[in-house]
$ cat entry-v9.tsv   # TSV, C-alpha atoms and all ligand atoms
chain	number	residue	atom	x	y	z
A	56	MET	CA	0.00	0.00	0.00
A	57	ALA	CA	1.22	3.45	-0.77
A	58	PRO	CA	1.31	5.67	2.28
A	59	ASP	CA	-0.26	9.10	2.18
A	60	GLU	CA	2.77	10.99	1.01
A	61	ARG	CA	1.64	14.23	2.61
A	62	ALA	CA	1.42	12.60	6.01
A	63	SER	CA	4.93	11.24	5.68
A	64	THR	CA	6.57	14.57	4.84
A	65	ALA	CA	7.15	17.40	7.24
A	66	PRO	CA	4.32	19.91	7.08
A	67	GLY	CA	5.06	23.24	5.50
A	68	VAL	CA	5.14	25.26	2.38
A	69	LEU	CA	8.02	23.37	0.81
A	70	SER	CA	6.20	20.05	0.70
A	71	GLN	CA	3.13	21.78	-0.73
A	72	ARG	CA	5.08	23.49	-3.46
A	73	ARG	CA	6.71	20.52	-5.10
A	74	ARG	CA	6.08	20.28	-8.80
A	75	GLY	CA	2.93	18.40	-9.62
A	76	GLU	CA	1.01	19.55	-6.60
A	77	SER	CA	-1.06	22.67	-6.87
A	78	VAL	CA	-0.36	25.43	-4.40
A	79	PRO	CA	-3.16	26.91	-2.32
A	80	ASP	CA	-3.35	30.22	-4.13
A	81	ASP	CA	-3.26	28.70	-7.62
A	82	PRO	CA	-4.90	25.29	-7.92
A	83	GLY	CA	-4.30	25.52	-11.66
A	84	ALA	CA	-0.54	25.12	-11.15
A	85	LEU	CA	-1.16	21.38	-11.44
A	86	ASP	CA	1.33	19.38	-13.54
A	87	VAL	CA	-0.11	15.93	-14.17
A	88	ALA	CA	3.13	14.51	-15.63
A	89	ALA	CA	5.06	15.52	-12.50
A	90	LEU	CA	2.30	14.13	-10.30
A	91	GLU	CA	2.55	10.81	-12.16
A	92	ARG	CA	6.29	10.65	-11.49
A	93	ARG	CA	5.67	11.20	-7.78
A	94	ALA	CA	2.94	8.59	-7.71
A	95	ARG	CA	5.03	6.02	-9.54
A	96	ALA	CA	7.81	6.48	-7.00
A	97	LEU	CA	5.35	5.54	-4.23
A	98	LEU	CA	3.89	2.46	-5.91
A	99	PRO	CA	5.33	-1.04	-6.32
A	100	PRO	CA	6.58	-1.13	-9.94
A	101	ALA	CA	4.07	-3.78	-11.08
A	102	VAL	CA	1.14	-1.76	-9.68
A	103	GLY	CA	2.46	1.42	-11.29
A	104	ASP	CA	2.72	-0.46	-14.60
A	105	TYR	CA	-0.80	-1.83	-14.22
A	106	TYR	CA	-2.16	1.70	-13.78
A	107	ALA	CA	0.01	3.41	-16.39
A	108	GLY	CA	0.12	0.73	-19.06
A	109	GLY	CA	-1.86	0.03	-22.20
A	110	ALA	CA	-2.46	-2.85	-24.59
A	111	GLU	CA	-0.09	-4.40	-27.10
A	112	ALA	CA	2.34	-1.81	-28.55
A	113	GLU	CA	0.61	0.97	-26.52
A	114	THR	CA	0.11	3.09	-29.64
A	115	THR	CA	-3.36	4.19	-28.54
A	116	LEU	CA	-2.09	5.05	-25.08
A	117	ARG	CA	0.79	7.12	-26.43
A	118	GLU	CA	-1.26	8.98	-29.02
A	119	ALA	CA	-4.15	9.99	-26.77
A	120	PRO	CA	-2.74	13.20	-25.22
A	121	GLY	CA	-1.25	14.38	-28.52
A	122	ALA	CA	-4.57	13.89	-30.28
A	123	TRP	CA	-6.18	16.58	-28.10
A	124	ARG	CA	-3.22	18.85	-28.95
A	125	SER	CA	-3.80	18.28	-32.65
A	126	TRP	CA	-6.55	20.87	-32.23
A	127	ARG	CA	-5.82	24.55	-31.68
A	128	LEU	CA	-7.93	27.09	-29.80
A	129	ARG	CA	-9.33	30.14	-31.61
A	130	PRO	CA	-9.72	32.79	-28.88
A	131	ARG	CA	-12.45	35.40	-29.09
A	132	VAL	CA	-11.71	38.95	-27.95
A	133	LEU	CA	-13.75	41.88	-26.65
A	134	ARG	CA	-16.68	39.69	-25.55
A	135	GLY	CA	-17.08	41.34	-22.15
A	136	VAL	CA	-16.51	38.09	-20.24
A	137	SER	CA	-15.89	38.92	-16.59
A	138	ALA	CA	-16.67	35.54	-15.00
A	139	VAL	CA	-16.58	31.95	-16.19
A	140	ASP	CA	-19.25	29.45	-15.17
A	141	VAL	CA	-17.98	25.86	-15.12
A	142	ALA	CA	-21.06	24.31	-13.48
A	143	THR	CA	-23.26	22.04	-15.58
A	144	THR	CA	-25.61	19.07	-15.36
A	145	LEU	CA	-24.95	15.47	-16.28
A	146	LEU	CA	-28.11	13.47	-16.95
A	147	GLY	CA	-29.89	16.05	-14.84
A	148	ALA	CA	-27.50	15.92	-11.86
A	149	ASP	CA	-25.87	19.20	-10.86
A	150	VAL	CA	-22.07	19.22	-10.89
A	151	ARG	CA	-19.65	22.06	-10.22
A	152	THR	CA	-17.29	20.96	-12.98
A	153	PRO	CA	-17.60	19.15	-16.33
A	154	ILE	CA	-14.61	16.99	-15.31
A	155	GLY	CA	-15.61	13.69	-13.72
A	156	VAL	CA	-13.77	10.64	-12.42
A	157	ALA	CA	-13.70	7.68	-14.84
A	158	PRO	CA	-14.23	4.20	-13.39
A	159	TRP	CA	-10.97	2.51	-12.48
A	160	ALA	CA	-10.37	-0.77	-10.77
A	161	TYR	CA	-8.65	-1.83	-7.55
A	162	GLN	CA	-8.24	1.62	-5.99
A	163	ALA	CA	-6.98	0.25	-2.67
A	164	LEU	CA	-3.76	-0.69	-4.45
A	165	ALA	CA	-3.12	3.05	-4.83
A	166	HIS	CA	-4.12	4.24	-1.37
A	167	PRO	CA	-5.62	2.54	1.69
A	168	ASP	CA	-8.75	4.70	1.44
A	169	GLY	CA	-9.46	3.26	-2.01
A	170	GLU	CA	-12.84	4.14	-3.54
A	171	ARG	CA	-13.97	5.93	-0.37
A	172	GLY	CA	-11.06	8.36	-0.78
A	173	THR	CA	-11.97	8.98	-4.40
A	174	ALA	CA	-15.62	9.51	-3.43
A	175	ARG	CA	-14.65	12.12	-0.83
A	176	GLY	CA	-12.24	13.86	-3.20
A	177	ALA	CA	-14.77	14.00	-6.03
A	178	ALA	CA	-17.47	15.32	-3.72
A	179	ALA	CA	-15.14	18.02	-2.38
A	180	ALA	CA	-14.52	19.18	-5.96
A	181	GLY	CA	-18.22	19.00	-6.86
A	182	ALA	CA	-17.41	16.35	-9.48
A	183	LEU	CA	-19.23	13.23	-10.58
A	184	MET	CA	-17.60	9.90	-9.73
A	185	THR	CA	-18.07	6.69	-11.70
A	186	VAL	CA	-17.63	3.60	-9.51
A	187	SER	CA	-16.18	0.52	-11.20
A	188	THR	CA	-17.62	-2.98	-11.00
A	189	SER	CA	-14.05	-3.93	-10.02
A	190	SER	CA	-14.17	-1.75	-6.94
A	191	GLY	CA	-12.58	-3.00	-3.73
A	192	THR	CA	-15.49	-1.45	-1.83
A	193	ALA	CA	-19.09	-2.62	-2.20
A	194	LEU	CA	-21.16	-0.29	-4.35
A	195	ALA	CA	-23.53	0.54	-1.47
A	196	ASP	CA	-20.59	1.43	0.81
A	197	VAL	CA	-19.10	3.85	-1.74
A	198	ALA	CA	-22.54	5.44	-2.03
A	199	ALA	CA	-22.82	5.77	1.75
A	200	THR	CA	-19.45	7.55	1.94
A	201	GLU	CA	-20.81	10.64	0.17
A	202	PRO	CA	-24.57	10.18	-0.11
A	203	ALA	CA	-25.09	13.58	-1.76
A	204	GLY	CA	-22.22	13.28	-4.25
A	205	PRO	CA	-23.51	12.51	-7.74
A	206	ARG	CA	-22.21	9.15	-8.92
A	207	TRP	CA	-22.77	6.52	-11.57
A	208	PHE	CA	-22.11	2.81	-11.41
A	209	GLN	CA	-20.07	1.16	-14.17
A	210	LEU	CA	-21.17	-2.32	-15.15
A	211	TYR	CA	-19.14	-5.12	-16.69
A	212	ARG	CA	-20.57	-8.35	-18.05
A	213	LEU	CA	-19.81	-10.82	-15.28
A	214	HIS	CA	-19.76	-14.54	-14.72
A	215	SER	CA	-23.52	-14.84	-14.70
A	216	PRO	CA	-26.24	-12.74	-16.32
A	217	ALA	CA	-28.28	-13.01	-13.13
A	218	HIS	CA	-25.47	-11.55	-11.03
A	219	THR	CA	-24.87	-8.77	-13.57
A	220	ASP	CA	-28.58	-7.88	-13.46
A	221	ASP	CA	-28.48	-7.95	-9.67
A	222	LEU	CA	-25.62	-5.41	-9.60
A	223	ALA	CA	-27.56	-3.13	-11.96
A	224	ARG	CA	-30.63	-3.37	-9.72
A	225	ARG	CA	-28.60	-2.66	-6.58
A	226	ALA	CA	-26.97	0.38	-8.19
A	227	GLY	CA	-30.45	1.80	-8.75
A	228	GLU	CA	-31.43	1.07	-5.15
A	229	ALA	CA	-28.22	2.60	-3.72
A	230	GLY	CA	-28.83	6.05	-5.17
A	231	TYR	CA	-26.58	5.94	-8.20
A	232	ARG	CA	-27.81	8.36	-10.85
A	233	GLY	CA	-26.69	6.51	-13.97
A	234	LEU	CA	-25.60	3.06	-15.14
A	235	VAL	CA	-22.50	2.99	-17.34
A	236	LEU	CA	-22.25	-0.10	-19.56
A	237	THR	CA	-18.64	-0.64	-20.57
A	238	VAL	CA	-18.89	-2.22	-23.99
A	239	ASP	CA	-15.27	-2.18	-25.16
A	240	LEU	CA	-14.28	-5.25	-23.16
A	241	PRO	CA	-15.71	-8.28	-25.00
A	242	VAL	CA	-12.38	-9.84	-24.07
A	243	LEU	CA	-9.61	-8.37	-21.95
A	244	GLY	CA	-6.98	-6.38	-23.88
A	245	ARG	CA	-3.53	-7.93	-24.04
A	246	ARG	CA	-1.51	-5.82	-21.64
A	247	LEU	CA	2.07	-6.81	-22.10
A	248	ARG	CA	3.42	-5.01	-19.05
A	249	ASP	CA	1.07	-7.00	-16.80
A	250	LEU	CA	1.99	-10.26	-18.53
A	251	THR	CA	5.71	-9.51	-18.20
A	252	ASN	CA	5.32	-8.51	-14.54
A	253	ASP	CA	3.02	-11.45	-13.84
A	254	PHE	CA	0.73	-8.87	-12.27
A	255	ALA	CA	-1.88	-10.39	-9.96
A	256	LEU	CA	-4.06	-9.06	-7.19
A	257	PRO	CA	-3.22	-10.14	-3.66
A	258	ALA	CA	-5.22	-13.30	-2.90
A	259	ASP	CA	-7.17	-11.55	-0.14
A	260	PHE	CA	-7.98	-8.42	-2.17
A	261	PRO	CA	-11.71	-7.77	-1.75
A	262	LEU	CA	-13.88	-7.59	-4.86
A	263	PRO	CA	-17.33	-7.38	-3.28
A	264	ASN	CA	-19.13	-6.63	-6.55
A	265	GLN	CA	-17.50	-9.65	-8.19
A	266	PRO	CA	-17.91	-12.59	-5.84
A	267	LEU	CA	-16.12	-14.87	-8.29
A	268	HIS	CA	-12.71	-13.24	-7.93
A	269	GLY	CA	-11.42	-11.65	-11.09
A	270	SER	CA	-14.11	-13.28	-13.21
A	271	LEU	CA	-14.60	-10.94	-16.13
A	272	PRO	CA	-15.61	-11.24	-18.82
A	273	VAL	CA	-16.59	-14.83	-19.26
A	274	THR	CA	-16.79	-16.26	-22.73
A	275	GLY	CA	-19.64	-18.68	-23.15
A	276	GLN	CA	-22.07	-16.26	-21.53
A	277	PRO	CA	-24.33	-14.46	-23.98
A	278	PRO	CA	-22.52	-11.37	-25.29
A	279	TRP	CA	-24.22	-8.02	-24.91
A	280	THR	CA	-26.05	-6.49	-27.87
A	281	PHE	CA	-27.81	-3.17	-28.42
A	282	ASP	CA	-30.95	-4.76	-26.90
A	283	ASP	CA	-29.22	-4.88	-23.52
A	284	ILE	CA	-29.21	-1.09	-23.31
A	285	GLY	CA	-32.96	-0.84	-22.80
A	286	ARG	CA	-33.03	-3.98	-20.71
A	287	PHE	CA	-30.44	-2.66	-18.22
A	288	GLY	CA	-32.34	0.61	-18.09
A	289	ASP	CA	-35.44	-1.33	-17.05
A	290	VAL	CA	-33.59	-3.53	-14.56
A	291	SER	CA	-31.83	-0.63	-12.83
A	292	GLY	CA	-34.39	2.11	-13.30
A	293	LEU	CA	-31.44	4.34	-14.28
A	294	PRO	CA	-30.48	6.23	-17.43
A	295	VAL	CA	-27.90	4.20	-19.34
A	296	VAL	CA	-24.54	5.54	-20.53
A	297	VAL	CA	-22.69	3.43	-23.09
A	298	LYS	CA	-18.92	3.68	-22.57
A	299	GLY	CA	-16.34	2.73	-25.17
A	300	VAL	CA	-18.04	3.96	-28.35
A	301	LEU	CA	-15.70	5.19	-31.13
A	302	ARG	CA	-17.95	5.26	-34.22
A	303	GLY	CA	-20.86	7.41	-35.29
A	304	ASP	CA	-22.95	4.47	-36.51
A	305	ASP	CA	-22.58	2.67	-33.19
A	306	ALA	CA	-23.41	5.85	-31.29
A	307	ALA	CA	-26.61	6.35	-33.29
A	308	ARG	CA	-27.68	2.74	-32.65
A	309	CYS	CA	-27.00	3.11	-28.92
A	310	VAL	CA	-29.26	6.15	-28.80
A	311	GLN	CA	-31.97	4.42	-30.85
A	312	ALA	CA	-31.75	1.55	-28.38
A	313	GLY	CA	-32.43	3.91	-25.48
A	314	ALA	CA	-29.03	5.17	-24.29
A	315	ALA	CA	-29.22	8.50	-22.49
A	316	ALA	CA	-25.56	9.19	-23.20
A	317	VAL	CA	-22.59	7.89	-25.15
A	318	TRP	CA	-19.05	7.96	-23.74
A	319	VAL	CA	-16.25	8.12	-26.31
A	320	SER	CA	-13.34	6.13	-24.92
A	321	THR	CA	-10.49	3.78	-25.80
A	322	HIS	CA	-10.49	2.45	-22.22
A	323	GLY	CA	-7.31	4.39	-21.65
A	324	GLY	CA	-5.57	2.52	-24.51
A	325	ARG	CA	-5.97	-0.75	-22.61
A	326	GLN	CA	-8.17	-2.67	-25.07
A	327	GLY	CA	-7.71	-2.51	-28.85
A	328	ASP	CA	-4.43	-1.20	-30.20
A	329	PRO	CA	-3.93	0.79	-32.34
A	330	VAL	CA	-7.40	2.35	-32.33
A	331	ILE	CA	-8.59	5.84	-33.17
A	332	ALA	CA	-7.99	8.45	-30.45
A	333	SER	CA	-11.03	9.81	-28.60
A	334	ALA	CA	-10.13	13.31	-29.79
A	335	HIS	CA	-10.48	12.15	-33.39
A	336	ALA	CA	-13.58	9.96	-32.88
A	337	LEU	CA	-15.52	12.55	-30.89
A	338	PRO	CA	-16.69	14.82	-33.77
A	339	GLU	CA	-18.19	11.89	-35.71
A	340	VAL	CA	-20.00	10.62	-32.62
A	341	VAL	CA	-21.34	14.08	-31.78
A	342	ASP	CA	-22.62	14.51	-35.34
A	343	ALA	CA	-24.35	11.12	-35.24
A	344	VAL	CA	-26.01	11.70	-31.88
A	345	GLY	CA	-27.09	15.32	-32.38
A	346	ASP	CA	-29.27	16.56	-29.54
A	347	GLU	CA	-30.69	13.12	-28.81
A	348	ALA	CA	-28.25	12.24	-26.02
A	349	GLU	CA	-25.32	13.57	-24.04
A	350	VAL	CA	-21.79	12.76	-25.25
A	351	TYR	CA	-18.72	12.46	-23.02
A	352	ALA	CA	-15.07	11.70	-23.76
A	353	ASP	CA	-11.98	10.48	-21.97
A	354	GLY	CA	-8.43	9.37	-22.68
A	355	GLY	CA	-5.21	11.29	-22.23
A	356	ILE	CA	-6.83	14.43	-20.86
A	357	CYS	CA	-4.30	16.14	-18.64
A	358	SER	CA	-4.91	19.88	-18.85
A	359	GLY	CA	-7.72	22.41	-18.91
A	360	SER	CA	-7.08	23.16	-22.58
A	361	ASP	CA	-7.62	19.47	-23.40
A	362	VAL	CA	-10.95	19.73	-21.59
A	363	LEU	CA	-11.93	22.85	-23.48
A	364	THR	CA	-11.04	21.16	-26.78
A	365	ALA	CA	-13.33	18.24	-25.91
A	366	LEU	CA	-16.18	20.60	-24.98
A	367	ALA	CA	-15.73	22.52	-28.23
A	368	LEU	CA	-15.88	19.25	-30.18
A	369	GLY	CA	-19.26	18.60	-28.59
A	370	ALA	CA	-18.62	16.70	-25.37
A	371	ARG	CA	-20.80	17.76	-22.46
A	372	ALA	CA	-18.22	16.48	-19.99
A	373	VAL	CA	-14.91	14.69	-19.83
A	374	PHE	CA	-13.59	12.06	-17.47
A	375	VAL	CA	-10.12	11.41	-16.15
A	376	GLY	CA	-8.67	8.07	-15.16
A	377	ARG	CA	-4.94	8.22	-14.53
A	378	PRO	CA	-4.80	11.82	-13.29
A	379	ALA	CA	-7.22	10.77	-10.53
A	380	ILE	CA	-5.16	7.64	-9.88
A	381	TRP	CA	-2.02	9.72	-9.35
A	382	GLY	CA	-3.96	12.11	-7.13
A	383	LEU	CA	-5.30	9.32	-4.93
A	384	THR	CA	-1.88	7.66	-4.75
A	385	THR	CA	-0.08	10.79	-3.61
A	386	GLY	CA	-2.69	12.37	-1.39
A	387	GLY	CA	-5.80	10.25	-0.83
A	388	ALA	CA	-9.07	12.21	-1.02
A	389	ASP	CA	-7.23	15.55	-0.94
A	390	GLY	CA	-5.06	14.42	-3.82
A	391	VAL	CA	-8.12	13.55	-5.92
A	392	SER	CA	-9.83	16.85	-5.17
A	393	ARG	CA	-6.63	18.78	-5.96
A	394	VAL	CA	-6.42	17.13	-9.37
A	395	LEU	CA	-10.07	17.85	-10.18
A	396	ALA	CA	-9.91	21.41	-8.82
A	397	GLY	CA	-6.62	21.97	-10.65
A	398	LEU	CA	-7.96	20.85	-14.02
A	399	THR	CA	-11.14	22.86	-13.43
A	400	ALA	CA	-9.12	25.99	-12.62
A	401	GLN	CA	-7.10	25.46	-15.80
A	402	LEU	CA	-10.32	25.09	-17.78
A	403	ALA	CA	-11.76	28.32	-16.37
A	404	HIS	CA	-8.49	30.13	-17.06
A	405	THR	CA	-8.35	28.91	-20.66
A	406	MET	CA	-12.00	29.83	-21.19
A	407	ALA	CA	-11.31	33.35	-19.93
A	408	LEU	CA	-8.40	33.59	-22.37
A	409	CYS	CA	-10.74	32.46	-25.16
A	410	GLY	CA	-13.56	34.89	-24.32
A	411	LEU	CA	-15.94	32.11	-23.21
A	412	ALA	CA	-18.27	32.42	-20.23
A	413	ASP	CA	-20.15	29.13	-19.92
A	414	VAL	CA	-19.06	25.49	-20.25
A	415	ARG	CA	-22.54	24.55	-21.47
A	416	THR	CA	-22.24	26.67	-24.60
A	417	VAL	CA	-18.74	26.28	-26.00
A	418	PRO	CA	-19.05	26.79	-29.76
A	419	ARG	CA	-17.60	24.26	-32.19
A	420	ASP	CA	-15.56	26.95	-33.91
A	421	THR	CA	-13.55	27.44	-30.71
A	422	VAL	CA	-11.12	24.88	-32.15
A	423	THR	CA	-9.54	24.19	-35.50
A	424	ALA	CA	-7.19	21.47	-36.68
A	425	ALA	CA	-3.55	22.35	-36.06
A	426	ARG	CA	-1.61	23.15	-39.18
B	501	LIG	C1	-5.88	1.24	-14.03
B	501	LIG	C2	-7.13	1.43	-14.81
B	501	LIG	C3	-8.26	0.69	-14.49
B	501	LIG	C4	-9.44	0.88	-15.22
B	501	LIG	N1	-10.55	0.19	-14.85
B	501	LIG	C5	-11.70	0.39	-15.52
B	501	LIG	C6	-12.90	-0.24	-15.11
B	501	LIG	O1	-12.93	-0.96	-14.12
B	501	LIG	N2	-14.01	-0.02	-15.83
B	501	LIG	C7	-14.03	0.80	-16.95
B	501	LIG	O2	-15.07	0.98	-17.59
B	501	LIG	N3	-12.90	1.44	-17.34
B	501	LIG	C8	-11.77	1.27	-16.66
B	501	LIG	N4	-10.64	1.95	-17.02
B	501	LIG	C9	-10.72	2.92	-18.14
B	501	LIG	C10	-11.11	4.30	-17.60
B	501	LIG	O3	-12.44	4.34	-17.18
B	501	LIG	C11	-10.94	5.42	-18.63
B	501	LIG	O4	-11.65	5.08	-19.80
B	501	LIG	C12	-9.48	5.73	-18.98
B	501	LIG	O5	-8.63	5.54	-17.87
B	501	LIG	C13	-9.36	7.18	-19.48
B	501	LIG	O6	-8.06	7.47	-19.88
B	501	LIG	P1	-7.00	8.25	-18.96
B	501	LIG	O7	-6.54	7.28	-17.92
B	501	LIG	O8	-5.93	8.62	-19.93
B	501	LIG	O9	-7.70	9.47	-18.35
B	501	LIG	C14	-9.46	1.79	-16.30
B	501	LIG	C15	-8.32	2.54	-16.61
B	501	LIG	C16	-7.17	2.38	-15.87
B	501	LIG	C17	-5.98	3.21	-16.22

$ encode --input "entry-v9.tsv" --output "structure tokens"
Amino acid sequence: MAPDERASTAPGVLSQRRRGESVPDDPGALDVAALERRARALLPPAVGDYYAGGAEAETTLREAPGAWRSWRLRPRVLRGVSAVDVATTLLGADVRTPIGVAPWAYQALAHPDGERGTARGAAAAGALMTVSTSSGTALADVAATEPAGPRWFQLYRLHSPAHTDDLARRAGEAGYRGLVLTVDLPVLGRRLRDLTNDFALPADFPLPNQPLHGSLPVTGQPPWTFDDIGRFGDVSGLPVVVKGVLRGDDAARCVQAGAAAVWVSTHGGRQGDPVIASAHALPEVVDAVGDEAEVYADGGICSGSDVLTALALGARAVFVGRPAIWGLTTGGADGVSRVLAGLTAQLAHTMALCGLADVRTVPRDTVTAAR
């Protein structure tokens, strides 16, 4: 287990001002790459590789951040913008930032507080948290940690359809506000770092949402189809978000089948490789979906300008995986909230520089392809 780094260093300004950690008077001084280096130094190498790594040659993983930077901002001037509003709604839930926490597995490997720490950090930042099926904390216990914090539950296809349905039902009962079906994992991606490291969870690692330890996904069970979108909506009583969509035609079919939102994602470059970057798939998905559903994106987002690019391309919100992982590793709940507040401050700053006042109405012509 990684200790809480802040607790193990002497208190004072110096420890707060190391690169990668935002300082109190400027949360936007966050440097995600430096934070990752600090986190990796705290983690056992195989755990750090599990979090940081991707599939096969890791082309998708490597290209993701650069794909956001293949767009350039087109600032507006003289628009009389004196304040920037970063609050929005996600499937009707109020959030103070359009930057949410993506679902990620096994959080107690990063910090003893695990998912509870992430829940507290997200709530402190006014951000939405997505709780993974592969959580080390039962879904009802994460919900009880921050009952008012908006959160969604992410569902994988598990060892039995009955158990998968039961999880969906319990998410609805526990106050989750959305059910995220992760559809880009028909089989597990081939992650060479994990194979080389022989990465395995400790035998006693709790997986309360997956009573058959590590049992996903199971071939031989019926694969999911578009029909499952409406069915899981009925079972859970929740709006359904389909995560892992990279094509316009798929996005349109998801919406026709009843999805309330589509989440453009390459699973952090951990499934297919090489696949199209979220930043390049997003415009096609937005065009296909129109106003029929919300669209989100993730993958390689590590600055406020990346977020603004995604919003300009039509995303209503973005999600971060690894930046939150490095935040939890280095500082528990505070570390998570510093990452979310830091990215949000960077977003507001960049919007001010671009003459934009409201995250809900970022025009498409705010960005253009880099030349
Ligand atoms: C260590 C790790 C574990 C993940 N676990 C899950 C998961 O349990 N369910 C899921 O839908 N996505 C999972 N993802 C994918 C994330 O939800 C998200 O799509 C991705 O991390 C976004 O890219 P980023 O890390 O560059 O921000 C995981 C990603 C990482 C890095």

$ residues_near_ligand --input "entry-v9.tsv" --ligand "ligand LIG 501 (chain B)" --cutoff "9 Å" --atoms "all atoms listed in the file" --output "PyMOL selection string"
chain A and resi 102-109+116+119-120+156-162+185-190+209-211+235-240+298-299+318-325+352-357+374-380

$ atom_distance --input "entry-v9.tsv" --atom1 "CA of Arg415 (chain A)" --atom2 "CA of Gly382 (chain A)"
26.6 Å

$ residues_around --input "entry-v9.tsv" --residues "Pro329 (chain A)" --least-positions-apart "6" --cutoff "8 Å" --atoms "all atoms listed in the file" --output "MDAnalysis selection string"
chainID A and resid 112:115

$ closest_residue --input "entry-v9.tsv" --among "A:Ala101, A:Ala314, A:Val394, A:Ala370" --to "Ile284 (chain A)" --atoms "only C-alpha atoms"
A:Ala314

$ closest_residue --input "entry-v9.tsv" --among "A:His218, A:Arg212, A:Arg225, A:Arg206" --to "Ala193 (chain A)" --atoms "only C-alpha atoms"
A:Arg225

$ closest_residue --input "entry-v9.tsv" --among "A:Pro266, A:Gly227, A:Pro418, A:Gly233" --to "Gly191 (chain A)" --atoms "all atoms listed in the file"
A:Pro266

$ atom_distance --input "entry-v9.tsv" --atom1 "CA of Pro100 (chain A)" --atom2 "CA of Gly397 (chain A)"
26.6 Å

$ residues_near_point --input "entry-v9.tsv" --point "(-18.6, 18.9, -6.1)" --cutoff "9 Å" --atoms "all atoms listed in the file" --output "PyMOL selection string"
chain A and resi 149-152+176-183+204-205

$ closest_residue --input "entry-v9.tsv" --among "A:Val414, A:Val341, A:Ile154, A:Leu146" --to "Val391 (chain A)" --atoms "all atoms listed in the file"
A:Ile154

$ closest_residue --input "entry-v9.tsv" --among "A:Gly390, A:Ala334, A:Gly292, A:Ala396" --to "Arg124 (chain A)" --atoms "all atoms listed in the file"
A:Ala334

$ atom_distance --input "entry-v9.tsv" --atom1 "CA of Arg245 (chain A)" --atom2 "CA of Leu222 (chain A)"
26.5 Å

$ decode --input "entry-v9.tsv" --residues "region 232-245 of chain A" --atoms "N, CA and C atoms" --output "PDB file, in the first residue's frame"
ATOM      1  N   ARG A 232     -26.957   7.558  -9.964  1.00  0.00           N
ATOM      2  CA  ARG A 232     -27.814   8.356 -10.847  1.00  0.00           C
ATOM      3  C   ARG A 232     -27.712   7.928 -12.312  1.00  0.00           C
ATOM      4  N   GLY A 233     -26.829   6.996 -12.598  1.00  0.00           N
ATOM      5  CA  GLY A 233     -26.691   6.512 -13.966  1.00  0.00           C
ATOM      6  C   GLY A 233     -25.989   5.166 -13.958  1.00  0.00           C
ATOM      7  N   LEU A 234     -26.255   4.366 -15.010  1.00  0.00           N
ATOM      8  CA  LEU A 234     -25.604   3.064 -15.142  1.00  0.00           C
ATOM      9  C   LEU A 234     -24.742   3.110 -16.399  1.00  0.00           C
ATOM     10  N   VAL A 235     -23.451   2.904 -16.225  1.00  0.00           N
ATOM     11  CA  VAL A 235     -22.501   2.991 -17.340  1.00  0.00           C
ATOM     12  C   VAL A 235     -22.168   1.571 -17.806  1.00  0.00           C
ATOM     13  N   LEU A 236     -22.592   1.222 -19.011  1.00  0.00           N
ATOM     14  CA  LEU A 236     -22.254  -0.096 -19.561  1.00  0.00           C
ATOM     15  C   LEU A 236     -20.935   0.033 -20.313  1.00  0.00           C
ATOM     16  N   THR A 237     -19.927  -0.658 -19.853  1.00  0.00           N
ATOM     17  CA  THR A 237     -18.638  -0.641 -20.569  1.00  0.00           C
ATOM     18  C   THR A 237     -18.678  -1.729 -21.624  1.00  0.00           C
ATOM     19  N   VAL A 238     -18.648  -1.290 -22.891  1.00  0.00           N
ATOM     20  CA  VAL A 238     -18.889  -2.224 -23.991  1.00  0.00           C
ATOM     21  C   VAL A 238     -17.630  -2.521 -24.823  1.00  0.00           C
ATOM     22  N   ASP A 239     -16.498  -1.964 -24.382  1.00  0.00           N
ATOM     23  CA  ASP A 239     -15.274  -2.185 -25.158  1.00  0.00           C
ATOM     24  C   ASP A 239     -14.406  -3.292 -24.566  1.00  0.00           C
ATOM     25  N   LEU A 240     -15.042  -4.176 -23.788  1.00  0.00           N
ATOM     26  CA  LEU A 240     -14.277  -5.246 -23.159  1.00  0.00           C
ATOM     27  C   LEU A 240     -14.950  -6.603 -23.412  1.00  0.00           C
ATOM     28  N   PRO A 241     -15.156  -6.946 -24.722  1.00  0.00           N
ATOM     29  CA  PRO A 241     -15.712  -8.276 -24.998  1.00  0.00           C
ATOM     30  C   PRO A 241     -14.737  -9.357 -24.548  1.00  0.00           C
ATOM     31  N   VAL A 242     -13.452  -9.033 -24.661  1.00  0.00           N
ATOM     32  CA  VAL A 242     -12.379  -9.842 -24.071  1.00  0.00           C
ATOM     33  C   VAL A 242     -11.389  -8.841 -23.494  1.00  0.00           C
ATOM     34  N   LEU A 243     -10.579  -9.284 -22.562  1.00  0.00           N
ATOM     35  CA  LEU A 243      -9.609  -8.369 -21.954  1.00  0.00           C
ATOM     36  C   LEU A 243      -8.493  -8.047 -22.955  1.00  0.00           C
ATOM     37  N   GLY A 244      -8.109  -6.770 -23.039  1.00  0.00           N
ATOM     38  CA  GLY A 244      -6.980  -6.384 -23.883  1.00  0.00           C
ATOM     39  C   GLY A 244      -5.708  -7.092 -23.435  1.00  0.00           C
ATOM     40  N   ARG A 245      -4.787  -7.244 -24.392  1.00  0.00           N
ATOM     41  CA  ARG A 245      -3.534  -7.930 -24.042  1.00  0.00           C
ATOM     42  C   ARG A 245      -2.531  -6.891 -23.547  1.00  0.00           C
TER      43      ARG A 245
END
